[in-house]
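A.B. asks: Following this message is one structure expressed as structure tokens.
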Amino acid sequence: MSATLINPNYWFVILKQSAPLGIAVLAQSLVMRVRSIDLSVSGIFAFAIYLASSGQLNNYPPLMTVLMPVVIGLAVGGVNGILVAYVRASAVISTLSVSAILIGIVQYMSAGRAPGSTPSWLRILTSGNIHGLSYSVVLWIVIAALISIAFRFLIVGRYFRAVGDNPRAAETTGIPLARTIFVSHTLAGALTGIAALVQVSALAVGTIKPGFDTFMNALAATILGGVTFGVDRGGVAGPFVAVVAFSFLFAMLTVFGIQEPGKLIVQGVIIAFAAIIYGARAGRV
């Protein structure tokens, strides 16, 4: 076991397995920074994975298969943003309802049957590598770096921080509150679409099961990484470490022969722990 843990290839595999969740966590952190939440992750994952593996895009150029999950995520994020920012609907209820609609559409289109296999060329995103580091991990790192730079140096980062600190005060100072929340949800949707693309590239066979685990783990990893509603102590590095820790933990559970029921129990305990941490942080803010 100790020899395995110091083997770089082992950690490259852990990082590759972490990439879809890692990008989904970056998406969740965007909306949580402005005191919102996105529960449409499962719906976006289900819809994007179905389209990419059902063969419905086979007559189109490969670029269409690559762009479709991102476009779907962007559109869903825009709808979420309109509902939350302009209609002022509850973020929890509105994004959850959008997810339910998407999952229902997938169930209808598939007639309850699992789609076919994912295109072999699409798997290169996960199987291809640069010096052992999967392309999907490189994509994850690049996105994380861009978000970090944007929050540190661009005006959008100042807007997000101001809205997260005090939405009403930010609006009073002239910051476009509704537009900032809308942008956060739209960008989060696009990133979730990218995460779904990475996920489908790792699958040999498509599925109609929604990415419920990804949604729950993304929420927990975001909180454990230091990002809660309006509070960003973890930056980009905190959620990154939390995601890798998640993947390592579940890999260890597999090594020790823990079956799916046991993993679900551990997952529930971690999420409950994340909720306790959130409550403690909220009490100090």
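Residues in the structure tokens are numbered from 1 in each chain, the chains being A, B, ... in the order shown, and ligands are numbered from 1 in the order shown.
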Residues within 6 Å of stretch 186-199 of chain A, please, as a ChimeraX atom specification. Count only C-alpha atoms; anything in the same chain fewer than 5 positions from it doesn't count.
C.D. replies: /A:20,23-24,27,45,69-70,73-74,77-78
A.B. asks: Got a sec: who's within 12 Å of A:Val243, counting only C-alpha atoms, leaving out chain neighbours fewer than 3 positions off, as an MDAnalysis selection string?
C.D. replies: chainID A and resid 14:26 140 214 216:226 236:240 246:250
A.B. asks: Apply DSSP to the backbone of this structure and, from stretch 6-170 of chain A, keep only the residues in strand (DSSP E or B); write these as a ChimeraX atom specification.
C.D. replies: /A:117,129-130,133-134
A.B. asks: Taking into account only C-alpha atoms, which residue in the set A:Ile277, A:Val266, A:Leu39, A:Ile124 is nearest to A:Ser97?
C.D. replies: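 Looking only at the distances to A:Ser97, the closest residue turns out to be A:Leu39.
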A.B. asks: I need the helix (DSSP H, G or I) residues of stretch 56-244 of chain A per DSSP on the backbone, written as a tab-separated table (two decimals) with N, CA and C atoms, in the first residue's frame.
C.D. replies:
chain	number	residue	atom	x	y	z
A	62	PRO	N	-17.98	15.80	-35.28
A	62	PRO	CA	-17.61	15.53	-33.89
A	62	PRO	C	-17.63	16.77	-33.00
A	63	LEU	N	-17.34	17.92	-33.62
A	63	LEU	CA	-17.35	19.15	-32.84
A	63	LEU	C	-18.71	19.40	-32.21
A	64	MET	N	-19.77	18.97	-32.90
A	64	MET	CA	-21.12	19.14	-32.37
A	64	MET	C	-21.30	18.34	-31.08
A	65	THR	N	-20.76	17.12	-31.06
A	65	THR	CA	-20.85	16.29	-29.85
A	65	THR	C	-20.09	16.92	-28.70
A	66	VAL	N	-18.98	17.58	-29.01
A	66	VAL	CA	-18.17	18.23	-27.98
A	66	VAL	C	-18.87	19.47	-27.44
A	67	LEU	N	-19.44	20.25	-28.35
A	67	LEU	CA	-20.04	21.53	-27.95
A	67	LEU	C	-21.42	21.36	-27.32
A	68	MET	N	-22.14	20.31	-27.67
A	68	MET	CA	-23.52	20.17	-27.22
A	68	MET	C	-23.65	20.19	-25.70
A	69	PRO	N	-22.86	19.42	-24.94
A	69	PRO	CA	-23.00	19.49	-23.48
A	69	PRO	C	-22.76	20.89	-22.92
A	70	VAL	N	-21.80	21.60	-23.52
A	70	VAL	CA	-21.49	22.95	-23.05
A	70	VAL	C	-22.64	23.89	-23.36
A	71	VAL	N	-23.19	23.77	-24.57
A	71	VAL	CA	-24.32	24.62	-24.97
A	71	VAL	C	-25.54	24.32	-24.10
A	72	ILE	N	-25.79	23.04	-23.84
A	72	ILE	CA	-26.91	22.67	-22.97
A	72	ILE	C	-26.72	23.26	-21.59
A	73	GLY	N	-25.52	23.10	-21.04
A	73	GLY	CA	-25.23	23.66	-19.72
A	73	GLY	C	-25.38	25.16	-19.69
A	74	LEU	N	-24.90	25.83	-20.75
A	74	LEU	CA	-25.01	27.28	-20.83
A	74	LEU	C	-26.47	27.71	-20.86
A	75	ALA	N	-27.28	27.02	-21.66
A	75	ALA	CA	-28.70	27.36	-21.76
A	75	ALA	C	-29.43	27.12	-20.45
A	76	VAL	N	-29.16	25.96	-19.83
A	76	VAL	CA	-29.80	25.66	-18.54
A	76	VAL	C	-29.37	26.66	-17.48
A	77	GLY	N	-28.08	26.99	-17.48
A	77	GLY	CA	-27.59	27.99	-16.54
A	77	GLY	C	-28.25	29.34	-16.75
A	78	GLY	N	-28.48	29.70	-18.02
A	78	GLY	CA	-29.17	30.95	-18.31
A	78	GLY	C	-30.60	30.96	-17.79
A	79	VAL	N	-31.30	29.83	-17.96
A	79	VAL	CA	-32.66	29.71	-17.43
A	79	VAL	C	-32.64	29.82	-15.91
A	80	ASN	N	-31.70	29.12	-15.28
A	80	ASN	CA	-31.57	29.21	-13.82
A	80	ASN	C	-31.32	30.65	-13.39
A	81	GLY	N	-30.43	31.32	-14.13
A	81	GLY	CA	-30.10	32.70	-13.78
A	81	GLY	C	-31.29	33.63	-13.89
A	82	ILE	N	-32.10	33.45	-14.93
A	82	ILE	CA	-33.30	34.28	-15.08
A	82	ILE	C	-34.27	34.04	-13.93
A	83	LEU	N	-34.48	32.78	-13.61
A	83	LEU	CA	-35.42	32.44	-12.53
A	83	LEU	C	-34.96	33.00	-11.19
A	84	VAL	N	-33.68	32.86	-10.90
A	84	VAL	CA	-33.16	33.25	-9.58
A	84	VAL	C	-32.92	34.75	-9.50
A	85	ALA	N	-32.30	35.32	-10.54
A	85	ALA	CA	-31.88	36.72	-10.47
A	85	ALA	C	-33.00	37.70	-10.79
A	86	TYR	N	-33.81	37.40	-11.80
A	86	TYR	CA	-34.80	38.36	-12.27
A	86	TYR	C	-36.22	38.03	-11.79
A	91	ALA	N	-33.70	29.68	-5.37
A	91	ALA	CA	-32.66	28.98	-6.12
A	91	ALA	C	-32.79	27.47	-5.95
A	92	VAL	N	-33.12	27.03	-4.75
A	92	VAL	CA	-33.25	25.60	-4.49
A	92	VAL	C	-34.39	25.01	-5.31
A	93	ILE	N	-35.56	25.62	-5.22
A	93	ILE	CA	-36.74	25.07	-5.89
A	93	ILE	C	-36.63	25.18	-7.40
A	94	SER	N	-36.19	26.33	-7.90
A	94	SER	CA	-36.17	26.55	-9.35
A	94	SER	C	-35.13	25.67	-10.03
A	95	THR	N	-33.92	25.59	-9.48
A	95	THR	CA	-32.90	24.76	-10.13
A	95	THR	C	-33.20	23.27	-9.99
A	96	LEU	N	-33.82	22.89	-8.88
A	96	LEU	CA	-34.22	21.49	-8.71
A	96	LEU	C	-35.32	21.11	-9.70
A	97	SER	N	-36.25	22.04	-9.93
A	97	SER	CA	-37.32	21.76	-10.89
A	97	SER	C	-36.78	21.67	-12.31
A	98	VAL	N	-35.81	22.52	-12.65
A	98	VAL	CA	-35.17	22.44	-13.96
A	98	VAL	C	-34.48	21.09	-14.14
A	99	SER	N	-33.81	20.63	-13.09
A	99	SER	CA	-33.15	19.32	-13.15
A	99	SER	C	-34.18	18.21	-13.37
A	100	ALA	N	-35.31	18.28	-12.67
A	100	ALA	CA	-36.35	17.27	-12.82
A	100	ALA	C	-36.90	17.25	-14.24
A	101	ILE	N	-37.06	18.43	-14.83
A	101	ILE	CA	-37.56	18.52	-16.21
A	101	ILE	C	-36.58	17.85	-17.17
A	102	LEU	N	-35.29	18.14	-17.01
A	102	LEU	CA	-34.28	17.56	-17.89
A	102	LEU	C	-34.23	16.04	-17.76
A	103	ILE	N	-34.28	15.55	-16.53
A	103	ILE	CA	-34.26	14.10	-16.31
A	103	ILE	C	-35.52	13.46	-16.91
A	104	GLY	N	-36.66	14.14	-16.79
A	104	GLY	CA	-37.88	13.63	-17.39
A	104	GLY	C	-37.79	13.56	-18.90
A	105	ILE	N	-37.17	14.57	-19.52
A	105	ILE	CA	-36.99	14.56	-20.97
A	105	ILE	C	-36.11	13.38	-21.40
A	106	VAL	N	-35.04	13.15	-20.64
A	106	VAL	CA	-34.15	12.03	-20.95
A	106	VAL	C	-34.89	10.70	-20.82
A	107	GLN	N	-35.68	10.56	-19.78
A	107	GLN	CA	-36.45	9.32	-19.59
A	107	GLN	C	-37.42	9.11	-20.75
A	108	TYR	N	-38.03	10.19	-21.22
A	108	TYR	CA	-38.98	10.09	-22.33
A	108	TYR	C	-38.26	9.73	-23.63
A	109	MET	N	-37.15	10.41	-23.91
A	109	MET	CA	-36.43	10.18	-25.16
A	109	MET	C	-35.83	8.78	-25.21
A	110	SER	N	-35.41	8.28	-24.07
A	110	SER	CA	-34.75	6.97	-24.03
A	110	SER	C	-35.72	5.82	-23.83
A	120	SER	N	-15.52	6.47	-29.64
A	120	SER	CA	-14.15	6.15	-29.24
A	120	SER	C	-13.25	7.38	-29.26
A	121	TRP	N	-13.48	8.28	-30.23
A	121	TRP	CA	-12.63	9.47	-30.31
A	121	TRP	C	-12.85	10.40	-29.12
A	122	LEU	N	-14.07	10.36	-28.54
A	122	LEU	CA	-14.36	11.23	-27.40
A	122	LEU	C	-13.61	10.78	-26.15
A	123	ARG	N	-13.28	9.50	-26.08
A	123	ARG	CA	-12.60	8.98	-24.90
A	123	ARG	C	-11.17	9.48	-24.79
A	124	ILE	N	-10.66	10.07	-25.87
A	124	ILE	CA	-9.29	10.60	-25.85
A	124	ILE	C	-9.15	11.67	-24.78
A	125	LEU	N	-10.24	12.40	-24.53
A	125	LEU	CA	-10.20	13.46	-23.51
A	125	LEU	C	-9.78	12.90	-22.16
A	126	THR	N	-10.14	11.66	-21.89
A	126	THR	CA	-9.77	11.03	-20.63
A	126	THR	C	-8.56	10.12	-20.76
A	127	SER	N	-8.49	9.38	-21.87
A	127	SER	CA	-7.40	8.41	-22.03
A	127	SER	C	-6.10	9.05	-22.49
A	135	TYR	N	-5.65	14.52	-20.25
A	135	TYR	CA	-6.13	15.77	-20.83
A	135	TYR	C	-7.26	16.37	-19.99
A	136	SER	N	-8.09	15.51	-19.41
A	136	SER	CA	-9.20	16.01	-18.60
A	136	SER	C	-8.70	16.74	-17.36
A	137	VAL	N	-7.60	16.26	-16.78
A	137	VAL	CA	-7.02	16.92	-15.62
A	137	VAL	C	-6.40	18.26	-16.02
A	138	VAL	N	-5.74	18.27	-17.18
A	138	VAL	CA	-5.18	19.53	-17.69
A	138	VAL	C	-6.29	20.55	-17.89
A	139	LEU	N	-7.41	20.10	-18.47
A	139	LEU	CA	-8.56	20.99	-18.66
A	139	LEU	C	-9.06	21.52	-17.33
A	140	TRP	N	-9.18	20.65	-16.34
A	140	TRP	CA	-9.61	21.04	-14.99
A	140	TRP	C	-8.69	22.10	-14.40
A	141	ILE	N	-7.38	21.89	-14.51
A	141	ILE	CA	-6.41	22.84	-13.96
A	141	ILE	C	-6.48	24.18	-14.67
A	142	VAL	N	-6.63	24.14	-16.00
A	142	VAL	CA	-6.71	25.38	-16.77
A	142	VAL	C	-7.95	26.18	-16.37
A	143	ILE	N	-9.09	25.51	-16.25
A	143	ILE	CA	-10.32	26.20	-15.84
A	143	ILE	C	-10.16	26.79	-14.45
A	144	ALA	N	-9.58	26.02	-13.53
A	144	ALA	CA	-9.37	26.52	-12.17
A	144	ALA	C	-8.46	27.73	-12.17
A	145	ALA	N	-7.41	27.70	-12.99
A	145	ALA	CA	-6.48	28.83	-13.06
A	145	ALA	C	-7.16	30.07	-13.63
A	146	LEU	N	-7.98	29.88	-14.66
A	146	LEU	CA	-8.69	31.02	-15.25
A	146	LEU	C	-9.66	31.65	-14.25
A	147	ILE	N	-10.36	30.82	-13.49
A	147	ILE	CA	-11.28	31.35	-12.49
A	147	ILE	C	-10.52	32.10	-11.41
A	148	SER	N	-9.39	31.54	-10.99
A	148	SER	CA	-8.58	32.20	-9.96
A	148	SER	C	-8.08	33.55	-10.44
A	149	ILE	N	-7.62	33.61	-11.69
A	149	ILE	CA	-7.15	34.88	-12.25
A	149	ILE	C	-8.29	35.88	-12.36
A	150	ALA	N	-9.45	35.41	-12.82
A	150	ALA	CA	-10.60	36.30	-12.97
A	150	ALA	C	-11.02	36.89	-11.64
A	151	PHE	N	-11.04	36.07	-10.60
A	151	PHE	CA	-11.47	36.57	-9.29
A	151	PHE	C	-10.43	37.48	-8.66
A	152	ARG	N	-9.19	37.33	-9.05
A	152	ARG	CA	-8.13	38.14	-8.45
A	152	ARG	C	-7.93	39.47	-9.17
A	153	PHE	N	-8.08	39.46	-10.50
A	153	PHE	CA	-7.67	40.63	-11.27
A	153	PHE	C	-8.80	41.31	-12.05
A	155	ILE	N	-12.81	42.72	-12.90
A	155	ILE	CA	-13.88	43.39	-12.16
A	155	ILE	C	-15.00	42.41	-11.79
A	156	VAL	N	-15.18	41.37	-12.60
A	156	VAL	CA	-16.22	40.39	-12.27
A	156	VAL	C	-15.93	39.71	-10.94
A	157	GLY	N	-14.65	39.53	-10.63
A	157	GLY	CA	-14.29	38.95	-9.34
A	157	GLY	C	-14.67	39.85	-8.19
A	158	ARG	N	-14.47	41.15	-8.37
A	158	ARG	CA	-14.85	42.11	-7.32
A	158	ARG	C	-16.36	42.14	-7.16
A	159	TYR	N	-17.08	42.03	-8.27
A	159	TYR	CA	-18.54	41.99	-8.19
A	159	TYR	C	-19.01	40.77	-7.40
A	160	PHE	N	-18.44	39.61	-7.72
A	160	PHE	CA	-18.83	38.38	-7.03
A	160	PHE	C	-18.55	38.48	-5.54
A	161	ARG	N	-17.38	38.99	-5.18
A	161	ARG	CA	-17.03	39.10	-3.76
A	161	ARG	C	-17.95	40.08	-3.05
A	162	ALA	N	-18.25	41.20	-3.70
A	162	ALA	CA	-19.11	42.21	-3.08
A	162	ALA	C	-20.52	41.67	-2.86
A	163	VAL	N	-21.06	40.98	-3.85
A	163	VAL	CA	-22.40	40.40	-3.71
A	163	VAL	C	-22.40	39.32	-2.64
A	164	GLY	N	-21.34	38.54	-2.57
A	164	GLY	CA	-21.25	37.50	-1.55
A	164	GLY	C	-21.15	38.08	-0.15
A	165	ASP	N	-20.43	39.18	-0.01
A	165	ASP	CA	-20.28	39.80	1.32
A	165	ASP	C	-21.59	40.39	1.81
A	167	PRO	N	-25.21	41.47	-0.39
A	167	PRO	CA	-25.89	41.78	-1.65
A	167	PRO	C	-26.52	43.16	-1.69
A	168	ARG	N	-27.20	43.56	-0.63
A	168	ARG	CA	-27.89	44.85	-0.64
A	168	ARG	C	-26.90	46.00	-0.66
A	169	ALA	N	-25.84	45.86	0.11
A	169	ALA	CA	-24.82	46.91	0.12
A	169	ALA	C	-24.15	47.01	-1.25
A	170	ALA	N	-23.92	45.87	-1.89
A	170	ALA	CA	-23.31	45.87	-3.22
A	170	ALA	C	-24.21	46.57	-4.23
A	171	GLU	N	-25.52	46.32	-4.14
A	171	GLU	CA	-26.46	46.96	-5.05
A	171	GLU	C	-26.52	48.46	-4.80
A	172	THR	N	-26.42	48.85	-3.55
A	172	THR	CA	-26.44	50.27	-3.20
A	172	THR	C	-25.25	51.01	-3.80
A	177	LEU	N	-26.64	43.75	-9.18
A	177	LEU	CA	-26.86	42.54	-8.39
A	177	LEU	C	-27.46	41.42	-9.24
A	178	ALA	N	-28.58	41.71	-9.90
A	178	ALA	CA	-29.26	40.68	-10.68
A	178	ALA	C	-28.37	40.14	-11.80
A	179	ARG	N	-27.66	41.04	-12.47
A	179	ARG	CA	-26.81	40.61	-13.58
A	179	ARG	C	-25.67	39.73	-13.08
A	180	THR	N	-25.11	40.08	-11.93
A	180	THR	CA	-24.01	39.29	-11.37
A	180	THR	C	-24.48	37.88	-11.03
A	181	ILE	N	-25.66	37.77	-10.42
A	181	ILE	CA	-26.21	36.45	-10.08
A	181	ILE	C	-26.53	35.66	-11.36
A	182	PHE	N	-27.07	36.37	-12.36
A	182	PHE	CA	-27.37	35.72	-13.64
A	182	PHE	C	-26.11	35.17	-14.29
A	183	VAL	N	-25.05	35.98	-14.31
A	183	VAL	CA	-23.79	35.55	-14.91
A	183	VAL	C	-23.21	34.35	-14.16
A	184	SER	N	-23.31	34.36	-12.83
A	184	SER	CA	-22.77	33.24	-12.05
A	184	SER	C	-23.49	31.94	-12.40
A	185	HIS	N	-24.80	31.99	-12.54
A	185	HIS	CA	-25.55	30.78	-12.87
A	185	HIS	C	-25.28	30.33	-14.31
A	186	THR	N	-25.15	31.28	-15.22
A	186	THR	CA	-24.88	30.93	-16.61
A	186	THR	C	-23.51	30.28	-16.76
A	187	LEU	N	-22.50	30.87	-16.13
A	187	LEU	CA	-21.16	30.29	-16.17
A	187	LEU	C	-21.13	28.93	-15.49
A	188	ALA	N	-21.85	28.82	-14.38
A	188	ALA	CA	-21.90	27.54	-13.67
A	188	ALA	C	-22.52	26.46	-14.54
A	189	GLY	N	-23.56	26.82	-15.29
A	189	GLY	CA	-24.18	25.86	-16.19
A	189	GLY	C	-23.22	25.39	-17.27
A	190	ALA	N	-22.46	26.34	-17.84
A	190	ALA	CA	-21.49	25.98	-18.87
A	190	ALA	C	-20.41	25.05	-18.32
A	191	LEU	N	-19.93	25.36	-17.11
A	191	LEU	CA	-18.91	24.51	-16.49
A	191	LEU	C	-19.46	23.12	-16.17
A	192	THR	N	-20.71	23.06	-15.74
A	192	THR	CA	-21.33	21.76	-15.49
A	192	THR	C	-21.44	20.96	-16.78
A	193	GLY	N	-21.72	21.65	-17.89
A	193	GLY	CA	-21.74	20.98	-19.19
A	193	GLY	C	-20.38	20.41	-19.55
A	194	ILE	N	-19.32	21.17	-19.25
A	194	ILE	CA	-17.96	20.68	-19.50
A	194	ILE	C	-17.67	19.47	-18.62
A	195	ALA	N	-18.09	19.54	-17.36
A	195	ALA	CA	-17.91	18.40	-16.45
A	195	ALA	C	-18.63	17.16	-16.98
A	196	ALA	N	-19.83	17.36	-17.52
A	196	ALA	CA	-20.58	16.24	-18.10
A	196	ALA	C	-19.85	15.66	-19.31
A	197	LEU	N	-19.23	16.54	-20.11
A	197	LEU	CA	-18.47	16.08	-21.27
A	197	LEU	C	-17.29	15.22	-20.82
A	198	VAL	N	-16.59	15.66	-19.78
A	198	VAL	CA	-15.47	14.87	-19.25
A	198	VAL	C	-15.97	13.53	-18.72
A	199	GLN	N	-17.12	13.57	-18.05
A	199	GLN	CA	-17.69	12.33	-17.50
A	199	GLN	C	-18.05	11.34	-18.61
A	200	VAL	N	-18.68	11.85	-19.67
A	200	VAL	CA	-19.10	10.95	-20.74
A	200	VAL	C	-17.89	10.41	-21.50
A	201	SER	N	-16.80	11.17	-21.53
A	201	SER	CA	-15.59	10.68	-22.19
A	201	SER	C	-14.97	9.51	-21.44
A	202	ALA	N	-15.24	9.43	-20.14
A	202	ALA	CA	-14.70	8.34	-19.32
A	202	ALA	C	-15.58	7.10	-19.35
A	212	PHE	N	-26.44	12.00	-9.71
A	212	PHE	CA	-26.82	12.41	-8.36
A	212	PHE	C	-25.61	12.42	-7.43
A	213	ASP	N	-24.75	11.40	-7.57
A	213	ASP	CA	-23.55	11.35	-6.73
A	213	ASP	C	-22.67	12.57	-6.99
A	214	THR	N	-22.53	12.93	-8.26
A	214	THR	CA	-21.70	14.08	-8.60
A	214	THR	C	-22.26	15.35	-7.98
A	215	PHE	N	-23.58	15.50	-8.04
A	215	PHE	CA	-24.21	16.69	-7.47
A	215	PHE	C	-23.98	16.78	-5.96
A	216	MET	N	-24.22	15.68	-5.24
A	216	MET	CA	-24.07	15.69	-3.79
A	216	MET	C	-22.61	15.86	-3.39
A	217	ASN	N	-21.72	15.16	-4.08
A	217	ASN	CA	-20.30	15.28	-3.77
A	217	ASN	C	-19.77	16.67	-4.10
A	218	ALA	N	-20.28	17.26	-5.18
A	218	ALA	CA	-19.85	18.61	-5.54
A	218	ALA	C	-20.25	19.62	-4.47
A	219	LEU	N	-21.46	19.48	-3.97
A	219	LEU	CA	-21.93	20.38	-2.92
A	219	LEU	C	-21.08	20.22	-1.66
A	220	ALA	N	-20.83	18.97	-1.27
A	220	ALA	CA	-20.05	18.72	-0.06
A	220	ALA	C	-18.61	19.18	-0.22
A	221	ALA	N	-18.00	18.88	-1.37
A	221	ALA	CA	-16.60	19.26	-1.59
A	221	ALA	C	-16.44	20.77	-1.66
A	222	THR	N	-17.43	21.46	-2.20
A	222	THR	CA	-17.37	22.92	-2.25
A	222	THR	C	-17.35	23.50	-0.84
A	223	ILE	N	-18.22	22.99	0.02
A	223	ILE	CA	-18.28	23.48	1.40
A	223	ILE	C	-17.03	23.11	2.17
A	224	LEU	N	-16.61	21.85	2.06
A	224	LEU	CA	-15.41	21.41	2.76
A	224	LEU	C	-14.17	22.14	2.26
A	237	ALA	N	-8.01	26.54	-4.63
A	237	ALA	CA	-7.19	25.43	-4.12
A	237	ALA	C	-7.95	24.57	-3.11
A	238	GLY	N	-8.75	25.21	-2.25
A	238	GLY	CA	-9.48	24.46	-1.23
A	238	GLY	C	-10.41	23.40	-1.81
A	239	PRO	N	-11.32	23.78	-2.71
A	239	PRO	CA	-12.17	22.78	-3.34
A	239	PRO	C	-11.38	21.74	-4.14
A	240	PHE	N	-10.26	22.15	-4.74
A	240	PHE	CA	-9.43	21.21	-5.49
A	240	PHE	C	-8.94	20.09	-4.58
A	241	VAL	N	-8.41	20.48	-3.42
A	241	VAL	CA	-7.91	19.49	-2.46
A	241	VAL	C	-9.05	18.61	-1.95
A	242	ALA	N	-10.21	19.22	-1.71
A	242	ALA	CA	-11.37	18.46	-1.21
A	242	ALA	C	-11.81	17.41	-2.22
A	243	VAL	N	-11.79	17.76	-3.49
A	243	VAL	CA	-12.20	16.81	-4.54
A	243	VAL	C	-11.23	15.63	-4.61
A	244	VAL	N	-9.93	15.93	-4.58
A	244	VAL	CA	-8.94	14.85	-4.62
A	244	VAL	C	-9.08	13.95	-3.39
A.B. asks: Would you mind telling me which residue in A:Gly279, A:Phe12, A:Gly262, A:Ile271 lies nearest to A:Gly132 when using only C-alpha atoms?
C.D. replies: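 Among A:Gly279, A:Phe12, A:Gly262, A:Ile271, it is A:Phe12 that comes nearest to A:Gly132.
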A.B. asks: My list of candidates is A:Arg113, A:Asn9, A:Gln28, A:Ala245. Which is closest to A:Ser54 when distances are computed with only C-alpha atoms?
C.D. replies: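 Of A:Arg113, A:Asn9, A:Gln28, A:Ala245, the one nearest A:Ser54, counting only C-alpha atoms, is A:Arg113.
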